[in-house]
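What follows is the content of data.txt (compact mmCIF, C-alpha atoms).
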# COMPACT_ATOMS: atom_id res chain seq x y z
CA MET A 1 90.86 139.46 86.60
CA ILE A 2 94.41 138.37 85.74
CA ASP A 3 96.81 141.15 86.67
CA ALA A 4 98.88 143.16 84.23
CA GLY A 5 101.94 141.11 85.14
CA LEU A 6 100.43 138.09 83.38
CA PRO A 7 100.56 138.67 79.62
CA GLU A 8 97.93 137.96 77.02
CA ALA A 9 97.31 134.26 76.42
CA LEU A 10 95.44 132.43 73.66
CA PRO A 11 91.90 133.89 73.70
CA LEU A 12 89.09 131.35 73.85
CA SER A 13 85.34 131.55 73.36
CA PHE A 14 82.90 129.33 75.25
CA HIS A 15 80.29 127.91 72.90
CA PRO A 16 76.70 127.02 73.85
CA VAL A 17 76.03 123.32 74.32
CA ASP A 18 73.64 123.09 71.38
CA ALA A 19 76.31 124.52 69.05
CA VAL A 20 78.66 121.71 70.03
CA LEU A 21 76.03 119.00 69.74
CA ASP A 22 74.92 120.17 66.29
CA VAL A 23 78.35 120.79 64.75
CA GLN A 24 79.07 118.90 61.56
CA GLY A 25 82.33 117.08 60.97
CA GLU A 26 83.27 119.29 58.04
CA ASP A 27 83.01 122.36 60.29
CA LEU A 28 85.59 121.15 62.80
CA CYS A 29 89.12 122.48 62.76
CA ARG A 30 91.40 119.93 61.15
CA LEU A 31 93.82 118.18 63.50
CA ASP A 32 97.49 117.81 62.70
CA ALA A 33 100.60 116.70 64.57
CA THR A 34 101.73 120.21 65.47
CA THR A 35 98.43 121.79 66.50
CA ILE A 36 96.35 121.09 69.59
CA THR A 37 92.75 122.25 69.34
CA VAL A 38 90.93 123.51 72.42
CA TRP A 39 87.17 123.98 72.70
CA GLY A 40 85.36 126.01 75.31
CA VAL A 41 81.83 124.90 76.20
CA THR A 42 79.17 126.35 78.49
CA LEU A 43 77.59 123.51 80.43
CA ASP A 44 74.28 125.05 81.51
CA GLY A 45 72.03 124.38 78.54
CA PRO A 46 68.42 123.35 77.99
CA GLN A 47 67.03 120.03 79.19
CA ALA A 48 66.90 118.68 75.63
CA CYS A 49 70.68 119.09 75.34
CA GLN A 50 71.23 117.33 78.63
CA ASP A 51 69.02 114.44 77.49
CA ARG A 52 70.98 114.10 74.25
CA CYS A 53 74.27 114.10 76.13
CA ARG A 54 73.07 111.46 78.58
CA SER A 55 72.13 109.19 75.67
CA PHE A 56 75.79 109.22 74.55
CA LEU A 57 77.30 108.13 77.87
CA SER A 58 78.60 104.67 78.67
CA ASP A 59 77.00 102.67 81.48
CA GLU A 60 79.95 103.53 83.70
CA GLU A 61 79.63 107.25 82.99
CA SER A 62 75.89 107.15 83.62
CA ALA A 63 76.46 105.40 86.94
CA ARG A 64 79.01 107.99 87.96
CA ALA A 65 76.64 110.82 86.98
CA ASN A 66 73.94 109.30 89.16
CA ARG A 67 76.25 109.35 92.18
CA PHE A 68 76.40 113.15 92.24
CA ILE A 69 74.33 114.53 95.09
CA ARG A 70 73.70 117.97 93.61
CA ASP A 71 71.56 118.13 90.48
CA GLU A 72 73.72 120.94 89.10
CA ASP A 73 76.88 118.83 89.35
CA ARG A 74 75.13 115.89 87.72
CA ARG A 75 73.87 117.98 84.80
CA ARG A 76 77.25 119.55 84.17
CA TYR A 77 79.05 116.22 84.27
CA ILE A 78 76.61 114.75 81.75
CA VAL A 79 76.91 117.69 79.37
CA ALA A 80 80.71 117.91 79.59
CA HIS A 81 81.20 114.21 78.87
CA GLY A 82 78.51 114.18 76.20
CA CYS A 83 80.18 117.07 74.35
CA LEU A 84 83.55 115.33 74.62
CA ARG A 85 82.06 112.24 73.01
CA VAL A 86 80.52 114.29 70.19
CA LEU A 87 83.86 115.87 69.31
CA LEU A 88 85.80 112.62 69.56
CA GLY A 89 83.14 110.86 67.51
CA HIS A 90 83.59 113.32 64.66
CA TYR A 91 87.34 112.80 64.56
CA LEU A 92 86.97 109.01 64.79
CA ASN A 93 84.06 108.93 62.34
CA VAL A 94 81.82 107.06 64.79
CA GLU A 95 78.66 107.90 66.72
CA PRO A 96 79.25 109.57 70.11
CA GLY A 97 77.92 106.55 71.96
CA ALA A 98 80.35 104.29 70.08
CA VAL A 99 83.42 106.10 71.41
CA THR A 100 85.14 103.56 73.67
CA LEU A 101 87.22 104.84 76.55
CA GLN A 102 89.43 103.05 79.03
CA LEU A 103 91.87 103.95 81.80
CA GLY A 104 95.54 104.20 80.87
CA PRO A 105 98.40 102.85 83.04
CA ALA A 106 98.39 105.98 85.24
CA GLY A 107 94.58 106.11 85.48
CA LYS A 108 94.00 108.75 82.82
CA PRO A 109 90.96 108.20 80.53
CA VAL A 110 92.16 107.36 77.01
CA LEU A 111 90.68 106.04 73.80
CA CYS A 112 90.62 102.27 73.48
CA ARG A 113 93.36 101.58 70.93
CA THR A 114 92.07 98.13 70.00
CA THR A 115 88.74 99.68 69.01
CA HIS A 116 89.80 102.97 67.48
CA GLY A 117 93.51 102.60 66.70
CA GLY A 118 95.34 105.79 65.77
CA ASP A 119 97.12 108.20 68.05
CA LEU A 120 94.41 110.63 69.13
CA SER A 121 94.59 111.90 72.71
CA PHE A 122 92.31 114.20 74.69
CA ASN A 123 91.72 115.82 78.05
CA LEU A 124 88.76 117.52 79.72
CA SER A 125 88.49 120.09 82.50
CA HIS A 126 85.31 121.66 83.81
CA ALA A 127 84.56 124.08 86.63
CA HIS A 128 81.58 126.20 87.67
CA GLY A 129 79.58 125.72 84.48
CA LEU A 130 82.40 125.99 81.93
CA ALA A 131 84.49 123.28 80.25
CA LEU A 132 87.65 123.05 78.19
CA ILE A 133 88.30 120.10 75.89
CA ALA A 134 91.71 119.56 74.28
CA ILE A 135 92.31 117.09 71.45
CA ALA A 136 95.75 116.31 70.05
CA GLN A 137 97.34 113.93 67.61
CA GLY A 138 100.53 112.03 68.31
CA ARG A 139 101.27 113.42 71.77
CA GLU A 140 99.81 113.33 75.27
CA VAL A 141 97.84 116.40 76.29
CA GLY A 142 96.45 117.83 79.52
CA ILE A 143 94.26 120.84 80.22
CA ASP A 144 93.05 122.71 83.28
CA LEU A 145 90.51 125.46 83.94
CA GLU A 146 90.17 127.33 87.23
CA ARG A 147 88.15 130.23 88.53
CA ILE A 148 90.43 132.77 90.22
CA ARG A 149 89.21 133.03 93.80
CA PRO A 150 90.44 136.11 95.67
CA ASP A 151 89.94 134.36 99.02
CA VAL A 152 92.33 131.50 98.24
CA GLU A 153 94.91 130.83 100.99
CA VAL A 154 97.84 131.69 98.74
CA GLU A 155 100.66 131.46 101.25
CA LYS A 156 99.47 128.21 102.86
CA LEU A 157 98.77 126.37 99.60
CA SER A 158 101.91 127.64 97.89
CA HIS A 159 104.02 126.37 100.77
CA ARG A 160 102.30 122.97 100.63
CA TYR A 161 102.28 122.34 96.89
CA PHE A 162 104.79 124.62 95.17
CA ALA A 163 108.56 124.68 94.77
CA PRO A 164 110.54 127.39 96.63
CA LEU A 165 111.12 129.47 93.48
CA GLU A 166 107.42 129.36 92.60
CA GLN A 167 106.50 130.41 96.14
CA ALA A 168 108.93 133.31 95.92
CA MET A 169 107.53 134.50 92.58
CA ILE A 170 104.00 134.50 94.00
CA MET A 171 104.81 136.17 97.30
CA GLU A 172 106.88 138.86 95.58
CA SER A 173 103.73 140.00 93.76
CA ALA A 174 101.57 142.76 95.16
CA GLN A 175 98.99 141.49 97.64
CA GLU A 176 96.05 141.99 95.27
CA GLN A 177 97.87 140.19 92.44
CA ARG A 178 98.80 137.05 94.34
CA PRO A 179 95.61 135.02 93.68
CA ALA A 180 95.98 135.48 89.90
CA ARG A 181 99.68 134.59 90.08
CA PHE A 182 98.91 131.57 92.26
CA PHE A 183 96.30 130.22 89.84
CA ARG A 184 98.59 130.74 86.86
CA TYR A 185 101.07 128.32 88.43
CA TRP A 186 98.24 126.02 89.54
CA VAL A 187 96.66 125.58 86.09
CA ALA A 188 100.11 125.02 84.57
CA LYS A 189 100.96 122.26 87.05
CA GLU A 190 97.53 120.65 86.82
CA ALA A 191 97.66 120.59 83.01
CA VAL A 192 100.98 118.70 83.08
CA LEU A 193 99.90 116.28 85.79
CA LYS A 194 96.60 115.56 84.03
CA ALA A 195 98.50 114.81 80.83
CA GLN A 196 100.50 112.28 82.84
CA GLY A 197 97.46 110.97 84.70
CA VAL A 198 98.89 111.62 88.17
CA GLY A 199 97.33 113.47 91.07
CA LEU A 200 97.88 116.35 93.46
CA ARG A 201 100.55 114.41 95.36
CA SER A 202 102.95 115.26 92.51
CA LEU A 203 102.33 119.02 92.45
CA SER A 204 105.48 119.79 94.42
CA GLN A 205 107.58 117.61 92.07
CA CYS A 206 106.42 119.52 88.99
CA GLU A 207 108.24 122.85 88.97
CA VAL A 208 107.07 125.42 86.43
CA LEU A 209 109.42 127.91 84.82
CA LEU A 210 107.52 130.80 83.26
CA ALA A 211 108.91 132.11 79.98
CA ALA A 212 110.07 135.71 79.77
CA ASP A 213 106.79 136.74 78.12
CA GLY A 214 104.76 134.75 80.66
CA ALA A 215 102.42 133.37 77.98
CA GLU A 216 103.94 129.88 78.17
CA ALA A 217 106.09 127.82 80.50
CA GLU A 218 108.36 124.80 80.72
CA VAL A 219 108.57 122.11 83.36
CA LEU A 220 111.61 121.48 85.52
CA ALA A 221 111.63 118.00 87.04
CA PRO A 222 114.11 115.51 88.52
CA ALA A 223 115.74 113.18 85.99
CA ASP A 224 113.96 110.15 87.47
CA SER A 225 110.55 111.83 87.53
CA LEU A 226 107.53 110.72 85.51
CA ARG A 227 107.76 114.17 83.96
CA ARG A 228 111.33 113.79 82.73
CA ASP A 229 110.24 114.22 79.10
CA SER A 230 110.10 117.70 77.62
CA TRP A 231 106.79 119.42 78.36
CA THR A 232 105.54 122.81 77.26
CA ILE A 233 102.62 124.71 78.79
CA ARG A 234 100.63 127.38 76.98
CA PHE A 235 98.17 129.60 78.81
CA LEU A 236 94.56 130.24 77.77
CA SER A 237 92.60 133.45 78.16
CA CYS A 238 89.22 132.29 79.44
CA GLY A 239 87.66 135.59 80.50
CA ASP A 240 87.82 137.81 83.56
CA GLY A 241 88.19 135.82 86.74
CA TRP A 242 89.41 132.65 85.00
CA ASP A 243 92.70 131.09 84.00
CA GLY A 244 93.50 128.02 81.95
CA ALA A 245 96.44 126.13 80.51
CA VAL A 246 97.14 123.33 78.06
CA ALA A 247 100.24 121.15 78.31
CA ALA A 248 101.76 118.67 75.87
CA GLN A 249 104.97 116.84 75.19
CA GLY A 250 107.61 118.64 73.16
CA LYS A 251 107.85 122.23 72.01
CA ASP A 252 106.90 121.87 68.34
CA TRP A 253 103.20 122.57 68.76
CA THR A 254 100.76 125.43 69.00
CA ALA A 255 97.29 125.69 70.51
CA ARG A 256 94.26 127.09 68.69
CA GLY A 257 90.67 127.59 69.70
CA GLY A 258 87.88 125.43 68.24
CA LEU A 259 84.96 124.81 67.57
CA VAL A 260 84.19 125.87 64.05
CA ARG A 261 86.07 127.72 61.36

Please re-express this file's structure in structure tokens.
Amino acid sequence: MIDAGLPEALPLSFHPVDAVLDVQGEDLCRLDATTITVWGVTLDGPQACQDRCRSFLSDEESARANRFIRDEDRRRYIVAHGCLRVLLGHYLNVEPGAVTLQLGPAGKPVLCRTTHGGDLSFNLSHAHGLALIAIAQGREVGIDLERIRPDVEVEKLSHRYFAPLEQAMIMESAQEQRPARFFRYWVAKEAVLKAQGVGLRSLSQCEVLLAADGAEAEVLAPADSLRRDSWTIRFLSCGDGWDGAVAAQGKDWTARGGLVR
């Protein structure tokens, strides 16, 4: 559970897979330029839902799903990506299987602009049977979801990936609070880096400055960094033992939970 030193974040509900697959376009929260919508989805659903999701995937996604060794990982990948396609399809007014994705310059999956046009962006994170999907308009977005593991090697990983000030903030916490504090920084960094499409190698270059209330954060980065633009991070309350964050360019936006009104 997140400790008392980490304030309340945006509360999210995780919806069953069949609720996502059966949602109607008119039930979805309306997107606008200042609001990022985040959906929580449970990935362990009935076989019929998995079959529907698989039918939406591209050939490349299907091939990747088939490369998973564990059946559980394969099922969850299929459902997560199928649900993403359903939501994107509603906003684009196309069938889920007609959503065309490609890799952006930094390797991040993006919508094919020549096919769909517009300025819709998205990001997906899934872990241990849960998924978060963020969809935004007119700005890049990244999202991360992590299960807070009490056995994480906080000191070792903080020293390897975090800036000195971040390390100090974590290690100044009480021993039992350090894992939660560590993962709060981790999800914040990952959300920003996923929005940029860069990997773990950049974790140490992305320094997070928690706001006074701790419910959001800003990014401090060198002037020549890929992250030189203004980025804001807002934290997500995903239930006991979990932490999440969504990051986007600028400060003039808020996050709200989907799926239906």

Next on the checklist: Measuring between only C-alpha atoms, which one of A:Ile135, A:Val208, A:Val110, A:Ile143 shows the shortest distance to Met169 in chain A?
Outcome noted: A:Val208

Skip Gly97 in chain A itself and residues of its chain fewer than 5 positions away, then list as a compact mmCIF listing (two decimals) with C-alpha atoms, in the coordinates of the input all residues within 12 Å of it, counting all atoms listed in the file.
# COMPACT_ATOMS: atom_id res chain seq x y z
CA ARG A 52 70.98 114.10 74.25
CA CYS A 53 74.27 114.10 76.13
CA ARG A 54 73.07 111.46 78.58
CA SER A 55 72.13 109.19 75.67
CA PHE A 56 75.79 109.22 74.55
CA LEU A 57 77.30 108.13 77.87
CA SER A 58 78.60 104.67 78.67
CA ASP A 59 77.00 102.67 81.48
CA GLU A 61 79.63 107.25 82.99
CA SER A 62 75.89 107.15 83.62
CA HIS A 81 81.20 114.21 78.87
CA GLY A 82 78.51 114.18 76.20
CA CYS A 83 80.18 117.07 74.35
CA LEU A 84 83.55 115.33 74.62
CA ARG A 85 82.06 112.24 73.01
CA VAL A 86 80.52 114.29 70.19
CA LEU A 87 83.86 115.87 69.31
CA LEU A 88 85.80 112.62 69.56
CA GLY A 89 83.14 110.86 67.51
CA HIS A 90 83.59 113.32 64.66
CA LEU A 92 86.97 109.01 64.79

Next on the checklist: Could you tell me how far CA of Ala80 in chain A sits from CA of Thr100 in chain A, in Å to one decimal place?
Outcome noted: 16.1 Å

Next on the checklist: Quick check, in Å to one decimal: how far apart do CA of Lys251 in chain A and CA of Glu218 in chain A lie?
Outcome noted: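 These atoms are spaced 9.1 Å apart.
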
Checklist outcome for this item: Counting only C-alpha atoms, closest pick from A:Ala9, A:Ser125, A:Thr35, A:Asn66 relative to Ala215 in chain A is A:Ala9

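In terms of minimum interatomic distance to Pro109 in chain A, A:Gly197 ranks closest within A:Gly197, A:Gln24, A:Glu72, A:Asp252, counting all atoms listed in the file.
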
Checklist entry - Using only C-alpha atoms, which residues sit within 7 Å of Ala195 in chain A once same-chain residues fewer than 4 positions away are excluded, as an NGL selection string? => result :A and (140-142 or 191)

Checklist entry - Looking at A:Ala255, A:Cys206, A:Ala65, A:Val198, which one is nearest to Tyr185 in chain A, with distances taken over all atoms listed in the file? => result A:Cys206

Next on the checklist: Counting only C-alpha atoms, which residue out of A:Tyr161, A:Trp231, A:Trp253, A:Tyr91 sits closest to Glu26 in chain A?
Outcome noted: A:Tyr91

Next on the checklist: The residues within 10 Å of (80.0, 120.5, 67.6), using only C-alpha atoms and the coordinates of the file, should be reported as a PyMOL selection string; which are they?
Outcome noted: chain A and resi 15-25+27-28+39+41+83-84+86-88+90+258-260

If you keep C-alpha atoms, can you produce a file of those selected residues as a short mmCIF file (atom, residue, chain, number, x, y, z; two decimals), in the frame of the given file?
data_model
loop_
_atom_site.label_atom_id
_atom_site.label_comp_id
_atom_site.auth_asym_id
_atom_site.auth_seq_id
_atom_site.Cartn_x
_atom_site.Cartn_y
_atom_site.Cartn_z
CA HIS A 15 80.29 127.91 72.90
CA PRO A 16 76.70 127.02 73.85
CA VAL A 17 76.03 123.32 74.32
CA ASP A 18 73.64 123.09 71.38
CA ALA A 19 76.31 124.52 69.05
CA VAL A 20 78.66 121.71 70.03
CA LEU A 21 76.03 119.00 69.74
CA ASP A 22 74.92 120.17 66.29
CA VAL A 23 78.35 120.79 64.75
CA GLN A 24 79.07 118.90 61.56
CA GLY A 25 82.33 117.08 60.97
CA ASP A 27 83.01 122.36 60.29
CA LEU A 28 85.59 121.15 62.80
CA TRP A 39 87.17 123.98 72.70
CA VAL A 41 81.83 124.90 76.20
CA CYS A 83 80.18 117.07 74.35
CA LEU A 84 83.55 115.33 74.62
CA VAL A 86 80.52 114.29 70.19
CA LEU A 87 83.86 115.87 69.31
CA LEU A 88 85.80 112.62 69.56
CA HIS A 90 83.59 113.32 64.66
CA GLY A 258 87.88 125.43 68.24
CA LEU A 259 84.96 124.81 67.57
CA VAL A 260 84.19 125.87 64.05
#

Item to check | Gap from CA of Gln196 in chain A to CA of Gly250 in chain A - Å, one decimal | outcome: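 Atom-to-atom, CA of Gln196 in chain A to CA of Gly250 in chain A, that is 13.6 Å.
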
Would you kindly return, as a PDB file with C-alpha atoms, in the coordinates of the input, each protein, DNA or RNA residue with an atom no farther than 7 Å from any atom of Trp242 in chain A, considering all atoms listed in the file and excluding same-chain residues fewer than 6 positions away?
ATOM      1  CA  GLU A 146      90.170 127.330  87.230  1.00  0.00           C
ATOM      2  CA  ARG A 147      88.150 130.230  88.530  1.00  0.00           C
ATOM      3  CA  ILE A 148      90.430 132.770  90.220  1.00  0.00           C
TER       4      ILE A 148
END

Non-local contacts of Arg256 in chain A (7 Å; only C-alpha atoms; under 2 positions in same chain excluded) as a PDB file with C-alpha atoms, keeping the file's coordinate frame:
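Result went into selection_17.pdb, see below:
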ATOM      1  CA  ILE A  36      96.350 121.090  69.590  1.00  0.00           C
ATOM      2  CA  THR A  37      92.750 122.250  69.340  1.00  0.00           C
ATOM      3  CA  VAL A  38      90.930 123.510  72.420  1.00  0.00           C
ATOM      4  CA  THR A 254     100.760 125.430  69.000  1.00  0.00           C
ATOM      5  CA  GLY A 258      87.880 125.430  68.240  1.00  0.00           C
TER       6      GLY A 258
END

Checklist entry - Which residue out of A:Ser158, A:Asn93, A:Ser121, A:Ser237 has the minimum interatomic distance to Asp144 in chain A when all atoms listed in the file are used? => result A:Ser237

Item to check | Residue contacts of Thr115 in chain A (9 Å, only C-alpha atoms) excluding same-chain residues fewer than 2 positions away, as a list of chain:residue names | outcome: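 Final neighbour list, sorted by chain and number: A:Val99, A:Thr100, A:Leu111, A:Cys112, A:Arg113, A:Gly117.
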